[in-house]
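Input: a single structure, listed below in structure tokens.
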Amino acid sequence: MKRLRALLCGAATAALATAGLAAFAAQQASGASADATALSNRWYAAAPYLMPHDNNPPDAGAIMDATGLKAFQLAFILAPNGVGCSPTWDGTSPVSSDTAVASVISAIRAKGGDVSVSIGGYGGTKLGQTCSDAASTAAAYQQVITKYQLKAIDFDLEEPEYENAAAIAHEIGAAKILQQNNPGLYVSVTTAGTADGTGWFGKQMLNEAKSQGFTPNNFSIMPFDGGFNGAAAQTSALTNFNSILQSTFGWDAATAYAHEGFSGMNGRSDTGEYFRQADFQTVLDYATSHHMDRFTFWSLNRDRQCSPPDNNGQTSGTCSSVAQSDWDFAKYSVKFAGVTPPTTTPPTTPPPSGSCTVAAWSSSAVYTAGNTVSYGGHTWKAKWWTQNETPGTTGEWGVWQDLGAC
């Protein structure tokens, strides 16, 4: 969730930041469906991270069918790479003109699910760094909430932004404004973990929240990439972080756990640590027995087996580098939400066999790399994510590869 993701105030006004609940009713062109029913907070707390643009995005609908998962944490909202105070996906795709992520969200909601959106992450330029104050930072994020009709948002505050005191003050101040102006909004704050719970910058972030009188649904730590290996080191860090929350906010242990979250990394981490399915189960047991508020992980893009399974001892953004079945780790999020995952996986579409036995192309369906369809008497394979792009209309450079006549 850190080094791996590194691969990966303009027109905003304070008036937008004070738009409040009325913003949820606004209808914007190319926005996601606004009639989605909010899930319980437990689902937003269980939502694993998914990059919709990078790292070979998996089909969210297929994950839902296979695991029972209903919520996804879409990542990441950043400032424009050219600098400014307007929200973009990954620094390159303006939220204002987005249709691709909106289509992903609509497809998830059509199946009874929903999304939270994560801002920040490791690397890149954050809006807290480029916007002039908390109000303009909040205004930028309000655009995201309004466009996608969000019921949940995650502030992922880590390197390099969390080393900038002014930027963190903007982010925490923005989170407080959004919380006040969007009643019922689920807000998580995620930061780096250490063996002691969190480091100096993480503690300064907590102090900033205390000074501003801001309490989110949870503060989550990421106990990986810091000398961790396995569940015992992670649960020890969570215990220590609980003590930090108690001392910072004056909470008792139970109150601190009720505002504490875990954000792990499935499989091989950036620094070569390993977190396998048994480790996730141990941490899940700890989180549920201590009544913690959140259990999530980085990422669904990685929740599938590499080839070879150990990926030759390397860390990947698109697979876990440990032996697993697809979406093994997502099932722990489903359990945290209080649901029993299905025991069987729906059958996949068989490969073409000389006749049009694969499903016909649909203009409303979402396809990801490797999906096959039939159209015009031919079989076609998607090269990347697509929706409503007719096979054969864009030639050999288009999204669809012609596999020949059925």
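Residue numbering restarts at 1 for every chain of the structure tokens, chains are lettered A, B, ... in their displayed order, and ligands are numbered from 1 as they appear.
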Practice task
Within range 276-335 of chain A, find each residue whose DSSP state, derived from the backbone, is strand (DSSP E), and express the selection as a PyMOL selection string.
Solution key: chain A and resi 294-298
Requested write-out: N, CA and C atoms of the selected residues, as a PDB file, in the first residue's frame:
```
ATOM      1  N   ARG A 294     -12.938  -1.347  11.991  1.00  0.00           N
ATOM      2  CA  ARG A 294     -12.624  -1.494  10.566  1.00  0.00           C
ATOM      3  C   ARG A 294     -11.625  -2.616  10.342  1.00  0.00           C
ATOM      4  N   PHE A 295     -11.810  -3.320   9.218  1.00  0.00           N
ATOM      5  CA  PHE A 295     -10.901  -4.379   8.790  1.00  0.00           C
ATOM      6  C   PHE A 295     -10.883  -4.360   7.274  1.00  0.00           C
ATOM      7  N   THR A 296      -9.754  -3.959   6.690  1.00  0.00           N
ATOM      8  CA  THR A 296      -9.670  -3.831   5.239  1.00  0.00           C
ATOM      9  C   THR A 296      -8.270  -4.234   4.789  1.00  0.00           C
ATOM     10  N   PHE A 297      -8.005  -4.185   3.491  1.00  0.00           N
ATOM     11  CA  PHE A 297      -6.667  -4.554   3.025  1.00  0.00           C
ATOM     12  C   PHE A 297      -6.395  -3.973   1.648  1.00  0.00           C
ATOM     13  N   TRP A 298      -5.102  -3.945   1.337  1.00  0.00           N
ATOM     14  CA  TRP A 298      -4.571  -3.523   0.046  1.00  0.00           C
ATOM     15  C   TRP A 298      -3.968  -4.741  -0.649  1.00  0.00           C
TER      16      TRP A 298
END
```
Exercise for the section: Extract, using only C-alpha atoms, all DNA, RNA and protein residues at most 9 Å from Gln204 in chain A, discarding same-chain residues fewer than 4 positions from it, and format them as a PyMOL selection string. Expected result: chain A and resi 162+165+199-200+208-209
Problem - Contacts of range 258-262 of chain A at 8 Å (only C-alpha atoms; same-chain gap of 2+ positions) as JSON, numbers by chain - result: {"A": [216, 217, 218, 219, 220, 221, 222, 223, 238, 242, 254, 255, 256, 264, 287, 291, 292, 293, 294, 295, 296, 297]}
Writing out the chosen residues with C-alpha atoms as a tab-separated table (two decimals), in the first residue's frame:
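Dumped to again-v1.tsv:
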```tsv
chain	number	residue	atom	x	y	z
A	216	PRO	CA	-13.86	10.08	12.53
A	217	ASN	CA	-15.55	6.70	12.57
A	218	ASN	CA	-12.06	5.24	12.94
A	219	PHE	CA	-8.33	5.78	12.79
A	220	SER	CA	-6.76	2.81	10.98
A	221	ILE	CA	-3.12	1.78	10.86
A	222	MET	CA	-1.32	-0.24	8.17
A	223	PRO	CA	0.94	-2.71	10.00
A	238	LEU	CA	-2.90	-2.84	17.09
A	242	ASN	CA	-5.03	1.33	21.08
A	254	ALA	CA	-13.20	-0.15	24.66
A	255	THR	CA	-13.89	3.32	23.24
A	256	ALA	CA	-10.48	3.34	21.57
A	264	GLY	CA	-3.39	-4.93	5.91
A	287	ALA	CA	-10.50	-7.25	15.39
A	291	HIS	CA	-14.96	-4.85	18.65
A	292	MET	CA	-12.75	-2.83	16.32
A	293	ASP	CA	-14.47	-0.59	13.78
A	294	ARG	CA	-12.62	-1.49	10.57
A	295	PHE	CA	-10.90	-4.38	8.79
A	296	THR	CA	-9.67	-3.83	5.24
A	297	PHE	CA	-6.67	-4.55	3.02
```
Practice task
Could you find all residues in range 117-267 of chain A that DSSP calls helix (DSSP H, G or I) from the backbone, and write them as a PyMOL selection string?
Solution key: chain A and resi 127-130+134-148+161-163+165-181+200-212+231-249+253-258
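Proximity ranking of A:Leu69, A:Ala192, A:Ala369, A:Val399 relative to Ser263 in chain A places A:Ala192 first, based on only C-alpha atoms.
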Practice task
Excluding range 92-109 of chain A and any residue of its chain fewer than 3 positions from it, enumerate the residues within 10 Å of it, using only C-alpha atoms, and give them as a PyMOL selection string.
Solution key: chain A and resi 28-38+51-53+59-61+64+70-72+74+77-82+86-89+112-116+140+143-144+147-148+364-366+385-387
Exercise for the section: Choose the residue, out of A:Val187, A:Leu39, A:Ala46, A:Leu157, that has the smallest atom-to-atom separation from Thr288 in chain A; count only C-alpha atoms. Expected result: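 Smallest distance to Thr288 in chain A is found for A:Ala46.
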Problem - Close residues, Ser362 in chain A itself excluded, 10 Å, only C-alpha atoms, min 3 positions apart in chain, as a ChimeraX atom specification - result: /A:359,365-367,373-375,387-390
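For the choices A:Asp310, A:Ala382, A:Ala231, A:Ser118, the atom-to-atom distance to Thr368 in chain A is smallest for A:Ala382 when using only C-alpha atoms.
Around Asp328 in chain A, within 8 Å and counting only C-alpha atoms, the residues found are Gln277, Asp303, Arg304, Gln324, Ser325, Lys331 and Tyr332 of chain A, once anything fewer than 3 positions away on its own chain is removed.
CA of Gly267 in chain A sits 10.9 Å away from CA of Asn311 in chain A.
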Problem - Between CA of Ala323 in chain A and CA of Asn266 in chain A, distance in Å (one decimal) - result: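 Result for CA of Ala323 in chain A versus CA of Asn266 in chain A: 11.2 Å, one decimal.
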Exercise for the section: Write out as a ChimeraX atom specification each polymer residue whose atoms come within 9 Å of Asp54 in chain A, counting only C-alpha atoms; drop sequence neighbours fewer than 2 positions from it. Expected result: /A:8,51-52,56-57,90,301,317
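Take the candidates A:Tyr257, A:Phe214, A:Tyr286, A:Trp380 and check each one against Ile244 in chain A using only C-alpha atoms; the shortest distance goes to A:Tyr257.
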